[in-house]
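Peer 1: Provided below: start-v1.txt, containing compact mmCIF, C-alpha atoms and all ligand atoms.
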# COMPACT_ATOMS: atom_id res chain seq x y z
CA MET A 1 30.89 -14.52 -11.58
CA THR A 2 33.45 -13.86 -14.28
CA ALA A 3 32.38 -11.37 -16.94
CA PRO A 4 34.46 -11.72 -20.13
CA PRO A 5 35.32 -8.49 -21.95
CA THR A 6 33.58 -7.74 -25.23
CA THR A 7 36.56 -5.95 -26.80
CA GLN A 8 40.33 -6.40 -26.56
CA PRO A 9 41.47 -5.62 -23.00
CA ARG A 10 43.97 -2.74 -22.87
CA TYR A 11 44.92 -3.17 -19.26
CA GLY A 12 46.45 -5.88 -17.09
CA VAL A 13 48.86 -6.19 -14.19
CA HIS A 14 51.34 -9.04 -14.48
CA SER A 15 53.68 -8.49 -11.55
CA GLU A 16 54.41 -6.23 -8.58
CA VAL A 17 57.73 -4.87 -9.88
CA GLY A 18 57.74 -5.13 -13.70
CA ARG A 19 57.74 -1.88 -15.67
CA LEU A 20 54.68 0.22 -14.81
CA HIS A 21 52.98 1.78 -17.83
CA SER A 22 49.65 3.08 -16.54
CA VAL A 23 48.31 3.82 -13.09
CA LEU A 24 45.17 5.18 -11.42
CA VAL A 25 45.47 7.78 -8.64
CA CYS A 26 42.99 10.07 -6.87
CA SER A 27 44.12 13.55 -5.84
CA PRO A 28 43.28 14.95 -2.42
CA GLY A 29 40.46 17.49 -2.64
CA LEU A 30 37.02 18.35 -1.36
CA ALA A 31 36.71 15.12 0.67
CA HIS A 32 39.80 16.10 2.65
CA HIS A 33 38.46 19.60 3.28
CA ARG A 34 35.52 17.82 4.97
CA LEU A 35 37.80 16.11 7.53
CA THR A 36 37.58 17.60 11.03
CA PRO A 37 38.96 16.47 14.39
CA SER A 38 35.51 15.18 15.30
CA ASN A 39 34.84 13.12 12.16
CA CYS A 40 38.29 12.07 10.92
CA HIS A 41 38.50 8.81 12.89
CA ASP A 42 35.10 7.66 11.60
CA LEU A 43 36.43 8.41 8.13
CA LEU A 44 39.54 6.26 8.81
CA TYR A 45 41.98 9.17 9.08
CA ASP A 46 44.19 9.59 12.13
CA ASP A 47 44.32 13.36 11.79
CA VAL A 48 43.12 16.29 9.72
CA LEU A 49 45.23 17.44 6.75
CA TRP A 50 46.75 20.68 5.52
CA VAL A 51 44.93 20.01 2.28
CA GLU A 52 46.75 22.48 0.03
CA GLN A 53 50.08 20.89 0.99
CA ALA A 54 48.68 17.39 0.48
CA GLU A 55 47.54 18.43 -2.99
CA GLN A 56 51.00 19.79 -3.84
CA HIS A 57 52.78 16.70 -2.55
CA HIS A 58 50.41 14.44 -4.45
CA GLN A 59 51.01 16.45 -7.60
CA GLY A 60 54.75 15.94 -7.02
CA PHE A 61 54.15 12.18 -6.95
CA VAL A 62 52.12 12.35 -10.18
CA THR A 63 54.79 14.45 -11.92
CA LEU A 64 57.52 12.03 -10.84
CA MET A 65 55.63 9.16 -12.50
CA LYS A 66 54.74 11.14 -15.64
CA ASP A 67 58.37 12.23 -16.04
CA ARG A 68 59.25 8.55 -16.23
CA GLY A 69 56.78 7.98 -19.06
CA ILE A 70 54.00 6.47 -16.95
CA GLU A 71 50.40 7.29 -17.92
CA VAL A 72 48.67 8.63 -14.80
CA LYS A 73 44.88 8.63 -14.73
CA GLU A 74 43.16 10.68 -12.02
CA LEU A 75 39.85 9.58 -10.54
CA HIS A 76 38.03 12.96 -10.40
CA THR A 77 38.84 13.42 -14.09
CA LEU A 78 37.90 9.85 -15.05
CA LEU A 79 34.63 10.12 -13.16
CA ALA A 80 33.79 13.48 -14.76
CA GLU A 81 34.50 11.98 -18.20
CA THR A 82 32.30 9.03 -17.30
CA LEU A 83 29.48 11.37 -16.27
CA HIS A 84 29.61 13.00 -19.72
CA VAL A 85 28.01 9.77 -20.95
CA PRO A 86 24.27 10.37 -20.31
CA GLU A 87 23.58 6.67 -19.67
CA ALA A 88 26.41 6.56 -17.11
CA ARG A 89 25.16 9.66 -15.31
CA ASP A 90 21.70 8.14 -15.04
CA TRP A 91 23.07 4.73 -14.01
CA LEU A 92 25.14 6.19 -11.19
CA LEU A 93 22.69 8.78 -9.89
CA SER A 94 19.79 6.36 -9.87
CA ARG A 95 21.89 4.08 -7.64
CA LYS A 96 23.21 6.85 -5.38
CA ILE A 97 20.18 9.08 -4.92
CA THR A 98 17.71 6.73 -3.30
CA PRO A 99 15.41 7.06 -0.27
CA ASP A 100 17.76 4.71 1.62
CA GLU A 101 20.79 6.91 0.93
CA VAL A 102 19.47 10.47 1.09
CA GLY A 103 16.02 10.08 2.64
CA LEU A 104 12.45 9.80 1.45
CA GLY A 105 11.09 13.12 0.32
CA LEU A 106 14.58 14.35 -0.54
CA ALA A 107 15.66 11.98 -3.28
CA THR A 108 13.69 13.69 -6.06
CA ASP A 109 14.78 17.21 -5.08
CA ILE A 110 18.44 16.29 -4.66
CA ARG A 111 18.41 14.41 -7.96
CA GLU A 112 17.02 17.53 -9.69
CA PHE A 113 19.78 19.63 -8.10
CA LEU A 114 22.51 17.20 -9.20
CA ASP A 115 21.06 16.80 -12.70
CA GLU A 116 21.74 20.49 -13.30
CA LEU A 117 25.43 20.27 -12.43
CA ASP A 118 28.24 19.99 -14.96
CA SER A 119 30.12 16.68 -14.89
CA ALA A 120 33.24 17.99 -13.12
CA THR A 121 31.25 19.53 -10.25
CA LEU A 122 29.11 16.42 -9.96
CA ALA A 123 32.22 14.21 -9.83
CA ASP A 124 33.59 16.50 -7.09
CA TYR A 125 30.47 16.00 -4.97
CA LEU A 126 30.32 12.26 -5.60
CA ILE A 127 33.88 11.91 -4.24
CA GLY A 128 33.96 14.90 -1.88
CA GLY A 129 30.48 14.45 -0.40
CA LEU A 130 27.44 16.69 -0.60
CA SER A 131 26.55 18.62 2.53
CA THR A 132 23.46 20.71 3.15
CA HIS A 133 25.89 23.69 3.10
CA ASP A 134 26.50 23.06 -0.59
CA LEU A 135 22.87 23.61 -1.53
CA PRO A 136 21.89 27.13 -2.60
CA ARG A 137 20.25 29.11 0.24
CA ASP A 138 17.01 29.40 -1.72
CA PHE A 139 16.94 25.61 -2.32
CA SER A 140 14.72 24.68 0.57
CA PRO A 141 12.21 21.96 -0.16
CA PRO A 142 10.63 20.63 3.09
CA GLY A 143 12.87 17.53 3.17
CA VAL A 144 16.01 19.69 3.15
CA GLN A 145 14.64 21.86 5.97
CA LEU A 146 14.21 18.68 8.01
CA VAL A 147 17.87 17.69 7.53
CA ARG A 148 19.08 21.18 8.34
CA GLU A 149 17.07 21.38 11.55
CA GLU A 150 17.91 17.89 12.71
CA SER A 151 21.59 17.99 12.04
CA GLY A 152 22.66 21.51 12.81
CA MET A 153 23.82 21.85 9.21
CA THR A 154 26.45 19.15 9.42
CA ASP A 155 24.72 16.15 7.93
CA TYR A 156 25.79 14.76 4.57
CA LEU A 157 23.41 13.96 1.75
CA LEU A 158 26.25 12.11 0.04
CA PRO A 159 29.13 10.92 2.23
CA PRO A 160 32.64 12.32 1.71
CA LEU A 161 35.04 9.63 0.50
CA PRO A 162 38.55 10.76 1.54
CA ASN A 163 39.91 7.22 1.23
CA THR A 164 39.51 7.29 -2.56
CA LEU A 165 43.07 8.68 -2.21
CA PHE A 166 44.00 5.01 -1.73
CA THR A 167 43.00 3.72 -5.16
CA ARG A 168 44.87 0.50 -4.42
CA ASP A 169 42.10 -0.80 -2.20
CA THR A 170 38.87 -0.19 -4.10
CA THR A 171 39.57 -2.32 -7.15
CA SER A 172 42.43 -4.68 -7.88
CA TRP A 173 43.90 -5.55 -11.25
CA VAL A 174 44.96 -9.17 -11.11
CA TYR A 175 46.65 -10.21 -14.36
CA GLY A 176 44.03 -9.74 -17.13
CA GLY A 177 41.02 -8.83 -15.00
CA VAL A 178 39.85 -6.76 -12.09
CA THR A 179 38.06 -7.26 -8.79
CA LEU A 180 35.41 -4.77 -7.63
CA ASN A 181 36.10 -4.97 -3.94
CA PRO A 182 33.53 -5.06 -1.14
CA LEU A 183 35.48 -2.95 1.37
CA TYR A 184 35.37 -3.72 5.08
CA TRP A 185 34.52 -0.45 6.84
CA PRO A 186 31.27 1.44 6.09
CA ALA A 187 33.28 4.65 5.51
CA ARG A 188 34.61 3.07 2.31
CA HIS A 189 31.56 1.18 1.04
CA ALA A 190 30.52 3.82 -1.49
CA GLU A 191 33.86 3.87 -3.33
CA THR A 192 33.40 0.73 -5.40
CA LEU A 193 30.19 1.83 -7.12
CA LEU A 194 32.06 4.87 -8.52
CA MET A 195 34.70 2.56 -9.93
CA LYS A 196 32.08 0.25 -11.40
CA ALA A 197 30.64 3.26 -13.24
CA VAL A 198 34.11 4.17 -14.58
CA TYR A 199 34.99 0.64 -15.71
CA SER A 200 31.53 0.12 -17.26
CA TYR A 201 31.07 3.42 -19.08
CA HIS A 202 34.30 5.39 -19.48
CA PRO A 203 35.39 5.17 -23.13
CA ASP A 204 38.86 3.89 -22.13
CA PHE A 205 37.38 0.91 -20.29
CA ALA A 206 33.82 0.20 -21.48
CA GLY A 207 33.52 -3.36 -22.78
CA ALA A 208 37.23 -4.04 -22.25
CA VAL A 209 37.31 -4.98 -18.58
CA ARG A 210 37.01 -8.51 -17.32
CA THR A 211 35.66 -8.69 -13.77
CA TRP A 212 36.97 -11.62 -11.78
CA TRP A 213 34.88 -11.09 -8.68
CA GLY A 214 32.92 -8.55 -6.64
CA ASP A 215 29.95 -6.36 -7.42
CA PRO A 216 29.03 -3.23 -5.43
CA GLU A 217 25.40 -3.81 -6.32
CA MET A 218 25.41 -7.13 -4.46
CA GLU A 219 25.44 -7.80 -0.71
CA HIS A 220 28.65 -9.78 -0.08
CA GLY A 221 28.11 -10.39 3.64
CA PHE A 222 31.33 -11.42 5.35
CA ALA A 223 33.18 -11.60 2.04
CA THR A 224 35.29 -8.42 2.16
CA LEU A 225 38.40 -7.69 0.11
CA GLU A 226 40.74 -4.68 -0.09
CA GLY A 227 43.41 -4.24 -2.73
CA GLY A 228 46.22 -3.48 -0.29
CA ASP A 229 46.06 -7.21 0.40
CA VAL A 230 46.14 -8.32 -3.24
CA MET A 231 49.45 -8.79 -5.05
CA PRO A 232 49.74 -10.48 -8.47
CA ILE A 233 53.45 -11.23 -8.10
CA GLY A 234 53.85 -13.13 -11.40
CA ASN A 235 54.33 -16.81 -12.33
CA GLY A 236 50.58 -17.41 -12.10
CA THR A 237 50.58 -16.57 -8.40
CA VAL A 238 48.54 -14.08 -6.41
CA VAL A 239 49.56 -13.28 -2.83
CA ILE A 240 46.61 -12.18 -0.68
CA GLY A 241 46.70 -10.92 2.89
CA MET A 242 43.97 -12.30 5.13
CA SER A 243 43.79 -9.26 7.33
CA GLU A 244 41.50 -6.96 9.25
CA ARG A 245 40.04 -6.09 5.85
CA SER A 246 40.16 -9.17 3.59
CA SER A 247 38.31 -12.29 4.69
CA ARG A 248 38.62 -15.97 3.85
CA GLN A 249 35.11 -15.82 2.41
CA ALA A 250 36.29 -13.34 -0.22
CA ILE A 251 39.71 -14.86 -0.81
CA THR A 252 38.36 -18.34 -1.52
CA GLN A 253 35.71 -17.03 -3.92
CA LEU A 254 38.29 -14.96 -5.77
CA ALA A 255 40.67 -17.94 -5.91
CA MET A 256 37.93 -20.08 -7.44
CA GLU A 257 37.09 -17.47 -10.11
CA LEU A 258 40.77 -17.03 -10.97
CA PHE A 259 41.22 -20.78 -11.38
CA LEU A 260 38.04 -21.19 -13.45
CA GLY A 261 38.96 -18.25 -15.68
CA GLU A 262 42.60 -19.39 -15.96
CA GLY A 263 43.67 -16.08 -14.44
CA ALA A 264 46.02 -17.66 -11.90
CA GLU A 265 47.26 -21.05 -10.80
CA GLN A 266 47.79 -20.53 -7.12
CA VAL A 267 46.92 -18.12 -4.32
CA ILE A 268 49.28 -17.67 -1.40
CA VAL A 269 47.33 -16.55 1.66
CA ALA A 270 49.15 -14.54 4.35
CA LYS A 271 47.08 -14.83 7.52
CA MET A 272 47.87 -11.72 9.52
CA PRO A 273 47.02 -10.39 12.96
CA ARG A 274 44.11 -7.91 12.87
CA MET A 275 45.29 -4.43 13.78
CA ARG A 276 45.13 -0.91 12.35
CA ALA A 277 48.90 -0.50 11.99
CA ALA A 278 48.91 -3.55 9.72
CA MET A 279 45.49 -3.24 8.15
CA HIS A 280 46.67 -4.64 4.81
CA LEU A 281 49.54 -6.85 3.71
CA ASP A 282 51.11 -3.91 1.85
CA THR A 283 51.56 -2.02 5.12
CA VAL A 284 54.14 -4.63 6.21
CA PHE A 285 55.40 -6.18 2.96
CA THR A 286 56.07 -4.93 -0.57
CA LEU A 287 58.42 -6.04 -3.33
CA ALA A 288 61.12 -3.59 -4.43
CA ASP A 289 63.01 -5.60 -7.05
CA ARG A 290 62.95 -9.04 -8.69
CA ASP A 291 64.51 -10.53 -5.56
CA VAL A 292 64.14 -7.79 -2.91
CA CYS A 293 61.29 -7.13 -0.52
CA THR A 294 60.85 -4.86 2.46
CA VAL A 295 59.13 -6.14 5.60
CA PHE A 296 58.16 -5.07 9.07
CA PRO A 297 59.43 -8.11 11.01
CA GLY A 298 57.15 -7.67 14.03
CA ILE A 299 54.13 -8.61 11.91
CA ILE A 300 55.67 -10.65 9.10
CA ASP A 301 57.06 -13.13 11.64
CA GLN A 302 53.53 -13.77 12.90
CA ILE A 303 52.08 -14.59 9.47
CA GLU A 304 50.71 -18.08 8.90
CA THR A 305 50.94 -19.03 5.25
CA PHE A 306 48.58 -21.16 3.19
CA THR A 307 48.62 -22.11 -0.48
CA ILE A 308 45.39 -22.59 -2.42
CA ARG A 309 45.24 -24.48 -5.72
CA GLU A 310 42.40 -25.86 -7.81
CA ALA A 311 41.00 -29.24 -6.80
CA PRO A 312 38.32 -31.49 -8.25
CA ALA A 313 34.71 -31.41 -6.99
CA PRO A 314 33.33 -31.51 -4.40
CA THR A 315 36.06 -29.50 -2.62
CA PHE A 316 37.21 -27.41 -5.63
CA LEU A 317 40.00 -25.81 -3.62
CA ASP A 318 43.09 -27.54 -2.28
CA VAL A 319 44.25 -25.60 0.77
CA ASN A 320 47.64 -26.37 2.29
CA ARG A 321 49.32 -24.92 5.33
CA GLU A 322 52.96 -24.08 4.59
CA ASP A 323 55.73 -24.88 7.07
CA ARG A 324 58.14 -22.37 5.57
CA PRO A 325 58.12 -18.67 6.51
CA PHE A 326 55.89 -16.44 4.36
CA VAL A 327 58.80 -14.72 2.58
CA ASP A 328 60.29 -18.08 1.57
CA VAL A 329 56.97 -19.26 0.15
CA VAL A 330 56.78 -16.09 -1.95
CA ALA A 331 60.40 -16.58 -3.10
CA GLY A 332 59.60 -20.16 -4.13
CA ALA A 333 56.59 -19.01 -6.15
CA LEU A 334 58.84 -16.54 -7.97
CA GLY A 335 61.32 -19.31 -8.76
CA LEU A 336 63.96 -17.89 -6.43
CA ASP A 337 66.05 -19.57 -3.72
CA HIS A 338 65.32 -16.70 -1.42
CA LEU A 339 64.31 -13.04 -1.34
CA ARG A 340 66.69 -10.42 -0.01
CA VAL A 341 64.75 -8.96 2.90
CA ILE A 342 65.10 -5.29 3.90
CA GLU A 343 63.58 -4.74 7.32
CA THR A 344 62.12 -1.43 8.46
CA GLY A 345 65.04 0.79 9.54
CA GLY A 346 65.97 2.20 12.94
CA ASP A 347 65.87 0.91 16.51
CA ARG A 348 62.73 -0.76 17.77
CA TYR A 349 61.01 2.58 18.42
CA MET A 350 61.99 4.17 15.14
CA SER A 351 61.14 1.10 13.10
CA GLU A 352 57.66 0.97 14.64
CA ARG A 353 57.16 4.64 13.71
CA GLN A 354 58.48 4.10 10.20
CA GLN A 355 56.12 1.18 9.63
CA TRP A 356 53.25 3.34 10.91
CA ASP A 357 54.35 6.02 8.44
CA SER A 358 54.24 3.56 5.52
CA GLY A 359 57.99 2.84 5.42
CA ASN A 360 57.36 -0.63 3.97
CA ASN A 361 54.71 0.57 1.52
CA LEU A 362 56.77 0.96 -1.67
CA LEU A 363 55.58 1.38 -5.23
CA ALA A 364 57.96 -0.14 -7.78
CA LEU A 365 58.07 1.75 -11.10
CA GLU A 366 60.32 -0.92 -12.59
CA PRO A 367 62.55 -3.60 -11.06
CA GLY A 368 64.73 -1.96 -8.40
CA VAL A 369 63.23 1.55 -8.68
CA VAL A 370 60.69 2.47 -6.01
CA VAL A 371 58.75 5.46 -4.69
CA ALA A 372 58.80 5.97 -0.90
CA TYR A 373 57.99 8.68 1.64
CA ASP A 374 60.93 10.95 2.47
CA ARG A 375 60.30 10.72 6.21
CA ASN A 376 61.35 7.06 6.44
CA VAL A 377 65.02 7.96 6.32
CA ALA A 378 66.41 4.83 7.98
CA THR A 379 64.40 2.39 5.85
CA ASN A 380 65.20 4.24 2.63
CA LYS A 381 68.89 4.17 3.54
CA LYS A 382 68.81 0.40 3.95
CA LEU A 383 67.00 -0.01 0.64
CA ARG A 384 69.65 2.11 -1.12
CA ALA A 385 72.42 0.09 0.49
CA ALA A 386 70.80 -3.00 -1.05
CA GLY A 387 71.01 -1.39 -4.51
CA VAL A 388 67.41 -0.16 -4.76
CA GLU A 389 66.89 3.29 -6.30
CA VAL A 390 64.56 5.16 -3.94
CA LEU A 391 62.62 8.13 -5.31
CA GLU A 392 61.23 10.17 -2.44
CA ILE A 393 57.91 11.99 -2.20
CA VAL A 394 56.79 14.14 0.72
CA GLY A 395 54.76 12.16 3.24
CA ALA A 396 54.01 14.79 5.89
CA GLU A 397 50.35 15.31 4.94
CA LEU A 398 49.55 12.41 2.60
CA GLY A 399 50.56 9.86 5.24
CA ARG A 400 47.93 10.97 7.76
CA GLY A 401 45.39 8.59 6.22
CA ARG A 402 47.85 5.70 6.85
CA GLY A 403 48.96 4.84 3.35
CA GLY A 404 52.01 5.38 1.15
CA ALA A 405 52.92 5.15 -2.53
CA HIS A 406 51.68 1.55 -2.91
CA CYS A 407 48.30 2.38 -1.34
CA MET A 408 47.87 5.59 -3.39
CA THR A 409 48.16 3.81 -6.73
CA GLN A 410 46.20 1.19 -8.63
CA PRO A 411 48.39 -0.09 -11.46
CA LEU A 412 46.35 -0.56 -14.65
CA LEU A 413 49.09 -1.80 -16.94
CA ARG A 414 52.25 -3.43 -15.67
CA ASP A 415 54.66 -5.82 -17.40
CA PRO A 416 55.64 -9.22 -16.11
CA VAL A 417 59.11 -9.35 -14.59
CA ASP A 418 61.57 -10.23 -17.35
N1 LIG B 1 46.57 -0.36 1.08
C1 LIG B 1 46.54 0.41 2.16
O1 LIG B 1 47.15 0.11 3.17
N2 LIG B 1 45.73 1.45 2.12
C2 LIG B 1 45.64 2.43 3.13
C3 LIG B 1 44.22 2.74 3.47
C4 LIG B 1 44.10 3.78 4.53
C5 LIG B 1 42.68 4.20 4.81
N3 LIG B 1 42.65 5.34 5.66
C6 LIG B 1 41.93 3.06 5.44
O2 LIG B 1 41.92 2.96 6.67
O3 LIG B 1 41.29 2.28 4.74
Using structure tokens, write down the structure from this file.
Peer 2:
Amino acid sequence: MTAPPTTQPRYGVHSEVGRLHSVLVCSPGLAHHRLTPSNCHDLLYDDVLWVEQAEQHHQGFVTLMKDRGIEVKELHTLLAETLHVPEARDWLLSRKITPDEVGLGLATDIREFLDELDSATLADYLIGGLSTHDLPRDFSPPGVQLVREESGMTDYLLPPLPNTLFTRDTTSWVYGGVTLNPLYWPARHAETLLMKAVYSYHPDFAGAVRTWWGDPEMEHGFATLEGGDVMPIGNGTVVIGMSERSSRQAITQLAMELFLGEGAEQVIVAKMPRMRAAMHLDTVFTLADRDVCTVFPGIIDQIETFTIREAPAPTFLDVNREDRPFVDVVAGALGLDHLRVIETGGDRYMSERQQWDSGNNLLALEPGVVVAYDRNVATNKKLRAAGVEVLEIVGAELGRGRGGAHCMTQPLLRDPVD
């Protein structure tokens, strides 16, 4: 259901490579201190992090963008500012602290504990998770004793959300509106409600955000969508990966809402194999310039491409299978004869490692200027040889969650390509 904004929208994303003006990130923090060898895989991390280094490297990324005049909004800060609004605090806590989430007999006590916290600490727990260890020793209502005895002190009253680092996935700005994504894996389900609170109540967004599709307060069933699959490339086109994470049930509903709301004219669907290394389209394909993309050929060559346009009732959607390769369909939508394609660098072994380490996951700051991990030396070299300016950030720790500069950013305001 499309919700029109009540005041003038300030944000919108009109391409993948036009000048970036404003972006949402989420710094590593408490949630990453919660990662251990025994829980990290359940939390969708392949390893534990040296958190202090990850924080420094992330700060380096933020500084690089700010130095180029880009407004960088940080999620812990935005959430804390949202929680300053009493109505927002009540809205969010009454949805988070329920018998289903924290347990009957505990909800009231935990709510009282959280109600006493300042907004910054509360935001930290909402993103970083609340463990029984965090409660004061003398805070021991019977329900808490039960958790402590049952779990050996390791259970969480609120789950840690380390994948908020990847702001790309939780919500997606598509031209003048946003999607509130129902994420695929349970470890990420709680992220979208936090973003709904921010977009609904934070003074920068309240009343000025149009929601195309998705609502974390609704059960979406098999309709799952993650922003790493969603690319508003310009020219009225949205490219969406149909991947491990984003389903046809979600893509077709979003397409319909975009057509009805005149948000887009066509959706190009990239049907991908389902695998962790290529969990989203942006792990194997990103745009680097008006006419340059980077791809991991092993997966891109397997993509089946479909185009969806509006159709009259009773079908509403006109779905066509494309004969041309995916990259050529994207080029056509951009009004180009072809895209210059930069494949992941190195021999077959190195290129597989570089894809795994987010070598194809570039964030364009403007046409032809991208941010990439330093470790992907061979891919970055090929991009430079093609005339792309590559700004490197350190990927040693940040990359352990399997995402690069594209995944770690949600553009809020980006120009069309001129
Ligand atoms: N767009 C992206 O590819 N995001 C990376 C998400 C990584 C995260 N650990 C996940 O598995 O969901």
Peer 1: Gln266 in chain A: which residues within 8 Å, counting all atoms listed in the file, same-chain residues fewer than 2 positions away excluded, as a JSON list (two decimals) with C-alpha atoms, keeping the file's coordinate frame?
Peer 2:
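Final output, saved to part.json:
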[["chain", "number", "residue", "atom", "x", "y", "z"],
["A", 236, "GLY", "CA", 50.58, -17.41, -12.10],
["A", 237, "THR", "CA", 50.58, -16.57, -8.40],
["A", 238, "VAL", "CA", 48.54, -14.08, -6.41],
["A", 255, "ALA", "CA", 40.67, -17.94, -5.91],
["A", 259, "PHE", "CA", 41.22, -20.78, -11.38],
["A", 264, "ALA", "CA", 46.02, -17.66, -11.90],
["A", 268, "ILE", "CA", 49.28, -17.67, -1.40],
["A", 307, "THR", "CA", 48.62, -22.11, -0.48],
["A", 308, "ILE", "CA", 45.39, -22.59, -2.42],
["A", 309, "ARG", "CA", 45.24, -24.48, -5.72],
["A", 310, "GLU", "CA", 42.40, -25.86, -7.81]]
Peer 1: Can you tell me which residues come within 10 Å of ligand LIG 1 (chain B) when counting only C-alpha atoms and all ligand atoms, ideally as a VMD selection string?
Peer 2: chain A and resid 40 to 46 162 to 170 183 to 185 187 to 188 226 to 230 245 276 to 284 358 361 399 to 410
Peer 1: Can you measure CA of Gly241 in chain A to CA of Pro186 in chain A for me? One decimal in Å is fine.
Peer 2: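 Interatomic distance, CA of Gly241 in chain A to CA of Pro186 in chain A: 20.0 Å.
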Peer 1: List the spatial neighbours of range 209-220 of chain A as JSON, numbers by chain - criterion: any atom at most 10 Å away, only C-alpha atoms, same-chain residues fewer than 3 positions off excluded.
Peer 2: {"A": [1, 2, 3, 4, 5, 6, 7, 8, 9, 10, 11, 12, 95, 171, 172, 173, 174, 176, 177, 178, 179, 180, 181, 182, 183, 189, 190, 191, 192, 193, 194, 195, 196, 199, 200, 204, 205, 206, 223, 224, 225, 249, 250, 251, 253, 254, 255, 256, 257, 258, 260, 261, 263]}
Peer 1: Taking C-alpha atoms for each residue, export the selection above as a PDB file, in the coordinates of the input.
Peer 2:
ATOM      1  CA  MET A   1      30.890 -14.520 -11.580  1.00  0.00           C
ATOM      2  CA  THR A   2      33.450 -13.860 -14.280  1.00  0.00           C
ATOM      3  CA  ALA A   3      32.380 -11.370 -16.940  1.00  0.00           C
ATOM      4  CA  PRO A   4      34.460 -11.720 -20.130  1.00  0.00           C
ATOM      5  CA  PRO A   5      35.320  -8.490 -21.950  1.00  0.00           C
ATOM      6  CA  THR A   6      33.580  -7.740 -25.230  1.00  0.00           C
ATOM      7  CA  THR A   7      36.560  -5.950 -26.800  1.00  0.00           C
ATOM      8  CA  GLN A   8      40.330  -6.400 -26.560  1.00  0.00           C
ATOM      9  CA  PRO A   9      41.470  -5.620 -23.000  1.00  0.00           C
ATOM     10  CA  ARG A  10      43.970  -2.740 -22.870  1.00  0.00           C
ATOM     11  CA  TYR A  11      44.920  -3.170 -19.260  1.00  0.00           C
ATOM     12  CA  GLY A  12      46.450  -5.880 -17.090  1.00  0.00           C
ATOM     13  CA  ARG A  95      21.890   4.080  -7.640  1.00  0.00           C
ATOM     14  CA  THR A 171      39.570  -2.320  -7.150  1.00  0.00           C
ATOM     15  CA  SER A 172      42.430  -4.680  -7.880  1.00  0.00           C
ATOM     16  CA  TRP A 173      43.900  -5.550 -11.250  1.00  0.00           C
ATOM     17  CA  VAL A 174      44.960  -9.170 -11.110  1.00  0.00           C
ATOM     18  CA  GLY A 176      44.030  -9.740 -17.130  1.00  0.00           C
ATOM     19  CA  GLY A 177      41.020  -8.830 -15.000  1.00  0.00           C
ATOM     20  CA  VAL A 178      39.850  -6.760 -12.090  1.00  0.00           C
ATOM     21  CA  THR A 179      38.060  -7.260  -8.790  1.00  0.00           C
ATOM     22  CA  LEU A 180      35.410  -4.770  -7.630  1.00  0.00           C
ATOM     23  CA  ASN A 181      36.100  -4.970  -3.940  1.00  0.00           C
ATOM     24  CA  PRO A 182      33.530  -5.060  -1.140  1.00  0.00           C
ATOM     25  CA  LEU A 183      35.480  -2.950   1.370  1.00  0.00           C
ATOM     26  CA  HIS A 189      31.560   1.180   1.040  1.00  0.00           C
ATOM     27  CA  ALA A 190      30.520   3.820  -1.490  1.00  0.00           C
ATOM     28  CA  GLU A 191      33.860   3.870  -3.330  1.00  0.00           C
ATOM     29  CA  THR A 192      33.400   0.730  -5.400  1.00  0.00           C
ATOM     30  CA  LEU A 193      30.190   1.830  -7.120  1.00  0.00           C
ATOM     31  CA  LEU A 194      32.060   4.870  -8.520  1.00  0.00           C
ATOM     32  CA  MET A 195      34.700   2.560  -9.930  1.00  0.00           C
ATOM     33  CA  LYS A 196      32.080   0.250 -11.400  1.00  0.00           C
ATOM     34  CA  TYR A 199      34.990   0.640 -15.710  1.00  0.00           C
ATOM     35  CA  SER A 200      31.530   0.120 -17.260  1.00  0.00           C
ATOM     36  CA  ASP A 204      38.860   3.890 -22.130  1.00  0.00           C
ATOM     37  CA  PHE A 205      37.380   0.910 -20.290  1.00  0.00           C
ATOM     38  CA  ALA A 206      33.820   0.200 -21.480  1.00  0.00           C
ATOM     39  CA  ALA A 223      33.180 -11.600   2.040  1.00  0.00           C
ATOM     40  CA  THR A 224      35.290  -8.420   2.160  1.00  0.00           C
ATOM     41  CA  LEU A 225      38.400  -7.690   0.110  1.00  0.00           C
ATOM     42  CA  GLN A 249      35.110 -15.820   2.410  1.00  0.00           C
ATOM     43  CA  ALA A 250      36.290 -13.340  -0.220  1.00  0.00           C
ATOM     44  CA  ILE A 251      39.710 -14.860  -0.810  1.00  0.00           C
ATOM     45  CA  GLN A 253      35.710 -17.030  -3.920  1.00  0.00           C
ATOM     46  CA  LEU A 254      38.290 -14.960  -5.770  1.00  0.00           C
ATOM     47  CA  ALA A 255      40.670 -17.940  -5.910  1.00  0.00           C
ATOM     48  CA  MET A 256      37.930 -20.080  -7.440  1.00  0.00           C
ATOM     49  CA  GLU A 257      37.090 -17.470 -10.110  1.00  0.00           C
ATOM     50  CA  LEU A 258      40.770 -17.030 -10.970  1.00  0.00           C
ATOM     51  CA  LEU A 260      38.040 -21.190 -13.450  1.00  0.00           C
ATOM     52  CA  GLY A 261      38.960 -18.250 -15.680  1.00  0.00           C
ATOM     53  CA  GLY A 263      43.670 -16.080 -14.440  1.00  0.00           C
TER      54      GLY A 263
END
Peer 1: Please identify every residue of range 294-379 of chain A that has at least one atom no farther than 12 Å from an atom of range 67-81 of chain A, counting all atoms listed in the file, and for each give the shortest atom pair and the distance in Å to one decimal, arranged by chain then increasing number, as JSON lines.
Peer 2:
{"residue": "A:Ala364", "atom": "CA", "partner": "A:Ile70", "partner_atom": "CA", "distance": 12.0}
{"residue": "A:Leu365", "atom": "CA", "partner": "A:Ile70", "partner_atom": "CA", "distance": 8.5}
{"residue": "A:Glu366", "atom": "CA", "partner": "A:Arg68", "partner_atom": "CA", "distance": 10.2}
{"residue": "A:Val369", "atom": "CA", "partner": "A:Arg68", "partner_atom": "CA", "distance": 11.0}
{"residue": "A:Val370", "atom": "CA", "partner": "A:Arg68", "partner_atom": "CA", "distance": 12.0}
{"residue": "A:Val371", "atom": "CA", "partner": "A:Arg68", "partner_atom": "CA", "distance": 12.0}
